[in-house]
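The next block holds one structure in the form of structure tokens; read it before the comments.
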Number of protein chains: 2
Amino acid sequence: MCEAQMNDRLAALRAGMAAAGVDGFLVPRSDEHLGEYVPASGERLRWISGFTGSAGIALVLRDRAVLWTDGRYTTQARQQTDPAAWELRHLADDPPAAWMALHAKGLRIGHDPWLHAEPALARFTEAGVTLVPLHPNPLDAAWADRPAPPEAPLRAHGVEFAGEAALDKRARLARELGADAVLLADAHSVAWLLNLRGADLANTPLALAFAILHADASVQLFLHAPHRAAAVAAHLGNGVSVAGREVLPDALRALAGRRVRVDAEATPAALLATLREAGAELIPGEDPVRLPRACKNATEQQGAREAQRKDAVALVRFLAWFAAEAPKGALSEVAAAARLLEFRREVPGFAGESFPAISGAGEDAAVIHYRATAATDRAIRPDECFLLDSGGQYPEGTTDVTRTVWTGPGPAPAELRARFTAVLRGHVALATLRFPEGVAGPHLDAIARRPLWDMGLDYDHGTGHGIGSFLSVHEGPVSISRAAKPVPIRAGMILSDEPGFYLPGQYGIRIENLLLVGEAPRLPDQARPFLCFETLTLAPYSRALLDAALLTPAERAWVDAYHARVLAEVGPALDPAARAWLEAETRPL
Amino acid sequence: MCEAQMNDRLAALRAGMAAAGVDGFLVPRSDEHLGEYVPASGERLRWISGFTGSAGIALVLRDRAVLWTDGRYTTQARQQTDPAAWELRHLADDPPAAWMALHAKGLRIGHDPWLHAEPALARFTEAGVTLVPLHPNPLDAAWADRPAPPEAPLRAHGVEFAGEAALDKRARLARELGADAVLLADAHSVAWLLNLRGADLANTPLALAFAILHADASVQLFLHAPHRAAAVAAHLGNGVSVAGREVLPDALRALAGRRVRVDAEATPAALLATLREAGAELIPGEDPVRLPRACKNATEQQGAREAQRKDAVALVRFLAWFAAEAPKGALSEVAAAARLLEFRREVPGFAGESFPAISGAGEDAAVIHYRATAATDRAIRPDECFLLDSGGQYPEGTTDVTRTVWTGPGPAPAELRARFTAVLRGHVALATLRFPEGVAGPHLDAIARRPLWDMGLDYDHGTGHGIGSFLSVHEGPVSISRAAKPVPIRAGMILSDEPGFYLPGQYGIRIENLLLVGEAPRLPDQARPFLCFETLTLAPYSRALLDAALLTPAERAWVDAYHARVLAEVGPALDPAARAWLEAETRPL
């Protein structure tokens with residue numbers, strides 16, 4: 001996309017703004033489901049700005065345009081946007097509402113109320129702008145060749161993977177609704193509740209759908225191209241009615257006089273307004289699916305272990321292949337990611353990547369959510385760092401793993417090894433933590449950072465996120481981040497443990513495993529229940545980057561035990577060459 | 001106080017409730033300044049329930065009475081209240097609003113709006129009770145022999161201690177008010193702003209006062225017995241007018257039409273109502289004194305170091321004396337605390353204890369905020385744990401220190417030493433932390449708990465609190481606690497570091513130093529500013545309780561270096577016997 005074309009888009013949007021009588025227009029990253037990932041038809045932020053990251057919001061004014069992203073995307077946003085057209089800001093350090101209070105006070109700012117939650121909009125109103133809802137919105141009007149909404153096939157997510165029949169889930173949640181009905185705008189919640197999967201998004205196996213769960217456990221399901229549901233009619237059963245997304249407002253109006261639970265943070269403002277205008281009694285309450293979805297049941301936990309083992313075979317095969325090929329200097333970032341995908345495709349049940357692999361060599365790995373494309377691809381050179389963050393979707397579970405390796409053939413510099421080892425020490429410190437019930441993500445973030453902090457270093461992203469079960473690779477409500485809400489961590493949650501260190505222009509380090517939260521074995525002195533983590537991910541840490549002299553005896557013992565486990569669980573599935581490599585890589589430090 | 005007398009009080013309050021037409025009455029711990037400490041005239045919670053702790057709230061209904069306290073006071077509340085009259089609840093685990101939603105829905109609950117902040121009351125309203133403001137209130141009416149409000153002399157807090165003239169403070173804050181005036185209901189804020197001290201409270205050297213700071217830097221000061229201000233008239237100067245507390249409502253009504261900044265969390269609901277009814281424009285904003293008060297200037301920082309050194313001489317003299325006397329078995333908790341107070345009285349400038357010393361032997365130390373009195377006093381026996389948490393007020397600064405020691409003459413049990421050492425390791429882990437700007441108290445709490453968590457142990461109180469400069473021993477806005485708001489830690493703050501472990505019925509361990517936050521020396525690799533702690537408190541850790549074999553080499557080196565510093569800074573001020581004891585206690589591990 002050349003700059004002239006991008007500027008045409010800005011001009012077209014500005015013409016639409018003028019016609020609508022507004023001074024600005026808000027372009028969020030999210031679509032009508034307010035989630036992190038959107039289909040091609042929902043890539044509004046990318047269309048207007050060129051920025052492809054998964055978090056951001058833009059404000060287009062008459063004579064300036066501002067894009068906010070977070071620390072993971074600072075470098076990427078700079079590379080992908082036209083500096084003559086776009087100003088870049090940090091979501092946390094200089095948030096949109098504070099910026100508007102200084103620079104947009106009194107202006108009339110248009111927004112599509114299907115694309116924002118009310119609490120987010122309220123912050124802008126408090127900042128002193130006048131919000132003007134526009135639906136349909138001027139960006140969609142300007143986007144002439146906008147793709148059609150996806151209509152991929154639906155499929156049942158069998159109880160052998162889900163661990164609980166949809167009918168049981170519906171009945172269980174309906175009993176505890178505290179209302180006549182609840183509106184679910186989060187497509188992940190709909191997928192979990194109905195044990196329904198799809199392919200409307202590139203990497204998350206769900207159908208973009210809304211649902212209303214009633215107190216009698218019946219469900220109204222709303223989605224684009226509802227004829228797709230015919231294929232899963234038997235699975236859905238009689239208690240689930242299916243309709244097109246366009247009739248959702250009518251269904252909400254039919255709730256006049258009823259008590260309707262809504263999660264304002266997770267629901268488009270337009271739907272709340274419809275309910276309110278219809279005279280429904282709004283009961284504020286969290287999306288009731290969020291917590292049960294995050295706490296995996298025994299079947300899902302066993303599935304997660306199995307998915308990790310299967311995925312590990314592909315990753316270890318790749319790492320062994322990479323260790324042999326990389327020193328020759330003939331690989332590229334795109335080629336490496338493609339080779340890993342080939343290995344994953346050989347895994348039974350593989351249903352696609354859980355996100356586009358982040359395959360970054362040298363300075364590219366310092367772009368925290370780098371995506372290698374034909375345009376950015378570069379050779380992977382001997383004697384540099386290579387970071388690979390990737391994951392797979394399997395019916396048993398979703399995986400997400402990062403390893404940073406040294407291409408060789410020479411040794412890695414001591415400074416790099418010291419930093420890699422500090423990242424690893426933080427990663428191990430979190431993985432080995434025991435903690436009482438009630439502790440939340442923000443309380444544990446510092447545990448993983450301390451070894452870096454001791455060296456005056458840090459990383460500008462959270463330490464961990466939740467992950468779904470054959471669902472999204474990023475899942476709430478818990479996040480190991482200082483910015484997260486203090487939602488207590490509970491048994492059954494799966495969280496990532498991924499500290500890192502990034503030196504812009506030079507290299508990036510990240511080490512990521514998934515951890516399953518469980519009840520800690522009771523110690524003799526223990527007075528109350530404690531939780532602990534079970535490491536799910538199985539892949540060796542780079543020996544070339546690890547400086548064992550910088551580990552404590554306990555850390556060293558933990559790494560040795562983990563490596564022995566990796567060899568025992570993955571080794572038998574490997575060919576002799578890969579197995580020999582794994583044996584060497586996992587021998588005691 | 002016998003149970004019959006206490007029941008008469010409950011009956012008298014209930015008669016007053018009936019006369020006022022309410023079903024219940026809320027009795028908070030705080031007085032009109034909403035602070036932690038109150039004068040005898042404000043000890044309403046103690047008068048009605050017998051509970052003497054510094055945190056709690058009671059709800060007296062027609063046929064039941066409930067007292068909420070936190071984990072520090074669970075045991076104490078059980079000991080001090082009549083189980084036939086009072087039900088006890090945990091403030092965090094079963095908070096008042098949630099309890100009311102279940103047990104008091106629809107009831108008319110009286111409260112004195114001078115004794116509660118609006119946001120706290122709002123939670124009760126949301127719980128479904130109908131709040132009825134009653135001022136004067138039925139408890140005060142029933143309290144026949146209620147003491148008169150204090151009217152202790154006022155005195156200037158010289159700039160040689162405060163580091164900034166009151167006139168400069170007033171001008172600085174007035175410039176940044178963003179309003180025509182600000183109402184200060186927190187007496188600590190008034191004391192800091194005017195460099196004014198007093199003796200209205202037993203352990204905090206301030207006068208109970210309200211103030212209005214105007215945008216022209218003038219101040220209206222309101223206090224009981226305003227004639228007291230004559231003694232400091234020259235210090236206050238022309239810009240400060242003084243009046244009786246009873247005219248504060250009139251002064252607020254005179255702000256009709258003006259923009260008045262108020263901190264709803266720190267202001268009695270009655271005062272907000274007066275401002276609102278008068279037609280003032282309320283500008284919500286934090287008490288503007290809170291942050292500058294917490295961030296000590298260079299003079300206050302130097303004063304804190306000096307106050308700690310002086311206080312350490314008294315404490316080390318005590319510890320040496322105690323080490324000689326305790327094995328004989330002739331001491332009591334009250335006598336030990338009295339002896340420490342005698343040593344402190346010999347320190348130049350000592351202006352009283354910063355709180356009643358917590359002097360607990362054996363099982364008494366498991367009562368986290370135990371107070372030894374004539375009624376509870378017990379002998380300190382050979383071969384047991386003794387915990388002493390105490391502090392002093394000096395014009396240079398306020399101190400707060402806890403040491404747990406072993407009375408001997410026999411050795412301490414291995415299990416006890418292991419637990420003491422775990423507490424010490426957590427204490428050192430926090431003291432040695434470096435962290436980037438933006439990190440807040442809730443993010444660091446786990447750092448001090450990890451060694452205990454690893455053993456399945458924990459403690460039911462926060463890890464640290466702020467401390468004033470010749471002001472309250474507990475000071476906001478930062479608290480190293482998971483329950484605290486995430487207010488970023490800043491250079492100049494003084495925070496306590498006091499992990500512990502308590503085995504009810506057996507013993508209690510706590511180790512507490514004060515830490516001064518400063519900018520960390522820049523490391524070669526460092527990309528942005530980091531903060532670190534300077535340990536202010538100087539006193540040896542009990543050798544008899546410490547198991548050096550359980551320390552890492554780095555922890556051991558830190559303790560050795562700290563002990564060497566204690567000897568170097570405190571040793572020269574000691575008599576030969578105490579010095580010899582300190583030398584032995586601080587020799588390398």
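Each chain in the structure tokens gets a letter, A, B, ..., in the order shown, and its residues are numbered from 1; ligands are numbered from 1 in order too.
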
In stretch 20-132 of chain B, what's alpha helix (DSSP H) per DSSP? Answer as a PyMOL selection string?
chain B and resi 20+44-49+74-80+96-103+118-126

For the residues in the current selection, export N, CA and C atoms as an mmCIF file, in the first residue's frame.
```
data_model
loop_
_atom_site.group_PDB
_atom_site.id
_atom_site.type_symbol
_atom_site.label_atom_id
_atom_site.label_comp_id
_atom_site.auth_asym_id
_atom_site.auth_seq_id
_atom_site.Cartn_x
_atom_site.Cartn_y
_atom_site.Cartn_z
ATOM 1 N N ALA B 20 -35.122 7.685 67.309
ATOM 2 C CA ALA B 20 -34.833 8.339 66.028
ATOM 3 C C ALA B 20 -35.514 7.628 64.860
ATOM 4 N N ARG B 44 -15.623 6.089 69.931
ATOM 5 C CA ARG B 44 -17.003 5.591 69.949
ATOM 6 C C ARG B 44 -17.063 4.076 69.792
ATOM 7 N N LEU B 45 -16.245 3.545 68.894
ATOM 8 C CA LEU B 45 -16.286 2.099 68.654
ATOM 9 C C LEU B 45 -15.855 1.337 69.909
ATOM 10 N N ARG B 46 -14.854 1.859 70.577
ATOM 11 C CA ARG B 46 -14.390 1.237 71.802
ATOM 12 C C ARG B 46 -15.464 1.319 72.889
ATOM 13 N N TRP B 47 -16.111 2.491 72.990
ATOM 14 C CA TRP B 47 -17.138 2.687 74.024
ATOM 15 C C TRP B 47 -18.288 1.698 73.855
ATOM 16 N N ILE B 48 -18.695 1.480 72.610
ATOM 17 C CA ILE B 48 -19.871 0.633 72.417
ATOM 18 C C ILE B 48 -19.517 -0.855 72.436
ATOM 19 N N SER B 49 -18.304 -1.211 71.972
ATOM 20 C CA SER B 49 -17.994 -2.648 71.799
ATOM 21 C C SER B 49 -16.919 -3.169 72.735
ATOM 22 N N THR B 74 -8.274 -9.947 64.493
ATOM 23 C CA THR B 74 -9.266 -11.011 64.677
ATOM 24 C C THR B 74 -9.234 -11.550 66.109
ATOM 25 N N THR B 75 -8.052 -11.913 66.570
ATOM 26 C CA THR B 75 -7.927 -12.499 67.906
ATOM 27 C C THR B 75 -8.275 -11.472 68.981
ATOM 28 N N GLN B 76 -7.745 -10.274 68.802
ATOM 29 C CA GLN B 76 -7.986 -9.217 69.792
ATOM 30 C C GLN B 76 -9.480 -8.897 69.911
ATOM 31 N N ALA B 77 -10.168 -8.809 68.795
ATOM 32 C CA ALA B 77 -11.594 -8.483 68.827
ATOM 33 C C ALA B 77 -12.367 -9.572 69.578
ATOM 34 N N ARG B 78 -11.946 -10.827 69.391
ATOM 35 C CA ARG B 78 -12.620 -11.925 70.082
ATOM 36 C C ARG B 78 -12.415 -11.801 71.583
ATOM 37 N N GLN B 79 -11.207 -11.378 71.962
ATOM 38 C CA GLN B 79 -10.915 -11.251 73.388
ATOM 39 C C GLN B 79 -11.638 -10.074 74.028
ATOM 40 N N GLN B 80 -11.856 -9.009 73.250
ATOM 41 C CA GLN B 80 -12.337 -7.763 73.858
ATOM 42 C C GLN B 80 -13.850 -7.589 73.806
ATOM 43 N N PRO B 96 -18.752 -5.201 55.175
ATOM 44 C CA PRO B 96 -20.031 -4.713 55.696
ATOM 45 C C PRO B 96 -21.110 -4.586 54.629
ATOM 46 N N ALA B 97 -20.764 -4.025 53.459
ATOM 47 C CA ALA B 97 -21.799 -3.812 52.449
ATOM 48 C C ALA B 97 -22.393 -5.145 51.991
ATOM 49 N N ALA B 98 -21.512 -6.141 51.768
ATOM 50 C CA ALA B 98 -22.013 -7.446 51.325
ATOM 51 C C ALA B 98 -22.882 -8.086 52.413
ATOM 52 N N TRP B 99 -22.466 -7.915 53.653
ATOM 53 C CA TRP B 99 -23.248 -8.461 54.767
ATOM 54 C C TRP B 99 -24.617 -7.790 54.822
ATOM 55 N N MET B 100 -24.619 -6.462 54.668
ATOM 56 C CA MET B 100 -25.894 -5.734 54.729
ATOM 57 C C MET B 100 -26.831 -6.157 53.608
ATOM 58 N N ALA B 101 -26.248 -6.418 52.422
ATOM 59 C CA ALA B 101 -27.093 -6.835 51.298
ATOM 60 C C ALA B 101 -27.830 -8.127 51.650
ATOM 61 N N LEU B 102 -27.201 -8.977 52.458
ATOM 62 C CA LEU B 102 -27.829 -10.244 52.827
ATOM 63 C C LEU B 102 -28.741 -10.115 54.052
ATOM 64 N N HIS B 103 -28.326 -9.273 55.016
ATOM 65 C CA HIS B 103 -28.989 -9.318 56.321
ATOM 66 C C HIS B 103 -29.703 -8.027 56.728
ATOM 67 N N GLU B 118 -18.531 9.952 51.933
ATOM 68 C CA GLU B 118 -19.637 9.596 51.029
ATOM 69 C C GLU B 118 -19.431 8.290 50.270
ATOM 70 N N PRO B 119 -18.218 8.035 49.709
ATOM 71 C CA PRO B 119 -18.078 6.784 48.940
ATOM 72 C C PRO B 119 -18.314 5.548 49.814
ATOM 73 N N ALA B 120 -17.918 5.621 51.094
ATOM 74 C CA ALA B 120 -18.151 4.486 51.990
ATOM 75 C C ALA B 120 -19.650 4.313 52.220
ATOM 76 N N LEU B 121 -20.348 5.415 52.416
ATOM 77 C CA LEU B 121 -21.796 5.339 52.625
ATOM 78 C C LEU B 121 -22.507 4.825 51.368
ATOM 79 N N ALA B 122 -21.972 5.238 50.198
ATOM 80 C CA ALA B 122 -22.625 4.839 48.947
ATOM 81 C C ALA B 122 -22.655 3.321 48.812
ATOM 82 N N ARG B 123 -21.591 2.663 49.288
ATOM 83 C CA ARG B 123 -21.569 1.200 49.189
ATOM 84 C C ARG B 123 -22.695 0.570 50.012
ATOM 85 N N PHE B 124 -23.024 1.213 51.135
ATOM 86 C CA PHE B 124 -24.111 0.677 51.957
ATOM 87 C C PHE B 124 -25.460 0.915 51.275
ATOM 88 N N THR B 125 -25.604 2.083 50.660
ATOM 89 C CA THR B 125 -26.840 2.359 49.932
ATOM 90 C C THR B 125 -27.016 1.350 48.804
ATOM 91 N N GLU B 126 -25.898 1.088 48.080
ATOM 92 C CA GLU B 126 -25.962 0.114 46.981
ATOM 93 C C GLU B 126 -26.344 -1.274 47.500
#
```

Using only C-alpha atoms, find each residue in chain B having at least one atom no more than 6 Å away from chain A; report its shortest atom-to-atom pair and that distance in Å (one decimal), rows by chain then rising number, as a tab-separated table.
```
residue	atom	partner	partner_atom	distance
B:Arg434	CA	A:Trp453	CA	5.9
B:Phe435	CA	A:Trp453	CA	5.8
B:His443	CA	A:His443	CA	4.7
B:Trp453	CA	A:Phe435	CA	5.8
B:Asp454	CA	A:Arg434	CA	5.9
B:Gly456	CA	A:Gln526	CA	4.6
B:Leu457	CA	A:Gln526	CA	5.8
B:Leu523	CA	A:Gly456	CA	6.0
B:Gln526	CA	A:Gly456	CA	4.6
```

Would you save the residues of that selection, restricted to N, CA, C and O atoms, as a PDB file, in the first residue's frame?
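The result, written out as result.pdb:
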```pdb
ATOM      1  N   ARG B 434      15.225  -3.287  43.339  1.00  0.00           N
ATOM      2  CA  ARG B 434      15.280  -2.126  42.426  1.00  0.00           C
ATOM      3  C   ARG B 434      14.063  -2.257  41.523  1.00  0.00           C
ATOM      4  O   ARG B 434      13.758  -3.361  41.073  1.00  0.00           O
ATOM      5  N   PHE B 435      13.407  -1.160  41.210  1.00  0.00           N
ATOM      6  CA  PHE B 435      12.202  -1.274  40.384  1.00  0.00           C
ATOM      7  C   PHE B 435      11.998   0.017  39.600  1.00  0.00           C
ATOM      8  O   PHE B 435      12.383   1.092  40.047  1.00  0.00           O
ATOM      9  N   HIS B 443       2.047  -4.263  43.816  1.00  0.00           N
ATOM     10  CA  HIS B 443       2.892  -5.071  42.932  1.00  0.00           C
ATOM     11  C   HIS B 443       4.083  -5.678  43.669  1.00  0.00           C
ATOM     12  O   HIS B 443       4.734  -6.569  43.150  1.00  0.00           O
ATOM     13  N   TRP B 453       5.587 -18.252  51.412  1.00  0.00           N
ATOM     14  CA  TRP B 453       4.699 -18.999  50.506  1.00  0.00           C
ATOM     15  C   TRP B 453       5.335 -20.332  50.107  1.00  0.00           C
ATOM     16  O   TRP B 453       4.649 -21.349  49.978  1.00  0.00           O
ATOM     17  N   ASP B 454       6.643 -20.310  49.895  1.00  0.00           N
ATOM     18  CA  ASP B 454       7.325 -21.551  49.508  1.00  0.00           C
ATOM     19  C   ASP B 454       7.146 -22.639  50.571  1.00  0.00           C
ATOM     20  O   ASP B 454       7.258 -23.828  50.268  1.00  0.00           O
ATOM     21  N   GLY B 456       4.340 -22.784  52.412  1.00  0.00           N
ATOM     22  CA  GLY B 456       2.904 -22.899  52.667  1.00  0.00           C
ATOM     23  C   GLY B 456       2.439 -21.985  53.785  1.00  0.00           C
ATOM     24  O   GLY B 456       1.374 -22.192  54.369  1.00  0.00           O
ATOM     25  N   LEU B 457       3.223 -20.951  54.094  1.00  0.00           N
ATOM     26  CA  LEU B 457       2.877 -20.028  55.179  1.00  0.00           C
ATOM     27  C   LEU B 457       2.559 -18.645  54.620  1.00  0.00           C
ATOM     28  O   LEU B 457       2.860 -18.341  53.469  1.00  0.00           O
ATOM     29  N   LEU B 523      22.699   1.869  36.381  1.00  0.00           N
ATOM     30  CA  LEU B 523      23.555   0.758  35.963  1.00  0.00           C
ATOM     31  C   LEU B 523      23.921   0.949  34.490  1.00  0.00           C
ATOM     32  O   LEU B 523      23.203   1.629  33.761  1.00  0.00           O
ATOM     33  N   GLN B 526      21.123   0.351  31.912  1.00  0.00           N
ATOM     34  CA  GLN B 526      19.797   0.837  32.266  1.00  0.00           C
ATOM     35  C   GLN B 526      19.251   1.841  31.251  1.00  0.00           C
ATOM     36  O   GLN B 526      19.935   2.783  30.873  1.00  0.00           O
TER      37      GLN B 526
END
```

Expressed in Å, the length from atom CA of A:Val289 to atom CA of A:Arg245 is 20.4 Å

- Message: What's around stretch 322-328 of chain B at 10 Å? Count only C-alpha atoms, leave out sequence neighbours fewer than 6 positions away in its own chain, and write the answer as number ranges by chain.
- Response: B: 316, 336, 339-340, 379-384, 386, 405-410, 578, 581

Using C-alpha atoms, can you export the residues from the last selection as a PDB file, in the first residue's frame?
```pdb
ATOM      1  CA  VAL B 316      19.871  -1.355  71.054  1.00  0.00           C
ATOM      2  CA  ALA B 336       9.737  -4.530  79.097  1.00  0.00           C
ATOM      3  CA  ARG B 339      11.974  -0.080  80.131  1.00  0.00           C
ATOM      4  CA  LEU B 340      12.227   0.652  76.409  1.00  0.00           C
ATOM      5  CA  ALA B 379       5.597 -12.849  82.499  1.00  0.00           C
ATOM      6  CA  ILE B 380       8.177 -13.177  79.732  1.00  0.00           C
ATOM      7  CA  ARG B 381       9.459 -16.703  80.226  1.00  0.00           C
ATOM      8  CA  PRO B 382      12.849 -18.181  79.417  1.00  0.00           C
ATOM      9  CA  ASP B 383      13.116 -19.946  76.061  1.00  0.00           C
ATOM     10  CA  GLU B 384      10.305 -18.295  74.200  1.00  0.00           C
ATOM     11  CA  PHE B 386       9.334 -12.037  72.339  1.00  0.00           C
ATOM     12  CA  VAL B 405      14.025 -12.116  69.788  1.00  0.00           C
ATOM     13  CA  TRP B 406      14.549 -15.368  71.667  1.00  0.00           C
ATOM     14  CA  THR B 407      14.661 -15.085  75.446  1.00  0.00           C
ATOM     15  CA  GLY B 408      17.005 -18.016  76.022  1.00  0.00           C
ATOM     16  CA  PRO B 409      19.024 -19.299  77.739  1.00  0.00           C
ATOM     17  CA  GLY B 410      18.405 -22.459  75.681  1.00  0.00           C
ATOM     18  CA  ALA B 578      25.702  -2.785  75.476  1.00  0.00           C
ATOM     19  CA  TRP B 581      26.502  -7.274  73.254  1.00  0.00           C
TER      20      TRP B 581
END
```

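Distances from B:Ala278, B:Val132, B:Met493, B:Ile368 to B:Pro292 were compared using only C-alpha atoms, and the smallest one belongs to B:Met493.
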
Taken to one decimal, the atom CA of B:Gly158-atom CA of B:Val232 distance is 11.4 Å

Checklist entry - DSSP on the backbone: what in stretch 17-260 of chain B comes out strand (DSSP E), as a VMD selection string? => result chain B and resid 24 to 28 57 to 61 65 to 69 86 to 90 108 to 111 130 to 133 155 to 156 181 to 184 196 to 197 209 to 214 219 to 223 240 to 244 259 to 260

If we count only C-alpha atoms and set the cut-off at 9 Å, which residues sit around B:Pro136, ignoring sequence neighbours fewer than 4 positions away in its own chain? Please answer as an MDAnalysis selection string. chainID B and resid 112 140:141

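Nearest to A:Asp575 of all the residues A:His474, A:Arg317, A:Arg290, A:Arg258 is A:Arg317, based on only C-alpha atoms.
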
- Message: Please list as a list of chain:residue names every residue within 9 Å of stretch 31-35 of chain A, counting only C-alpha atoms and excluding residues in the same chain fewer than 6 positions away.
- Response: A:Ser41, A:Gly42, A:Glu43, A:Arg44, A:Pro113, A:Trp114, A:Leu115, A:His116, A:Ala117, A:Ala185, A:Asp186, A:Ala187, A:His188, A:Leu208, A:Ala209, A:Phe210, A:Glu265, A:Ala266, A:Thr267, A:Pro268

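Every protein or nucleic acid residue with an atom no more than 8 Å from B:Phe161, counting only C-alpha atoms and leaving out same-chain residues fewer than 4 positions away, appears here: His157, Thr299, Glu300, Gly303, Pro395 and Glu396 of chain B.
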
Separating atom CA of B:Ala269 from atom CA of B:Ile467, to the nearest tenth of an Å, is a gap of 26.5 Å
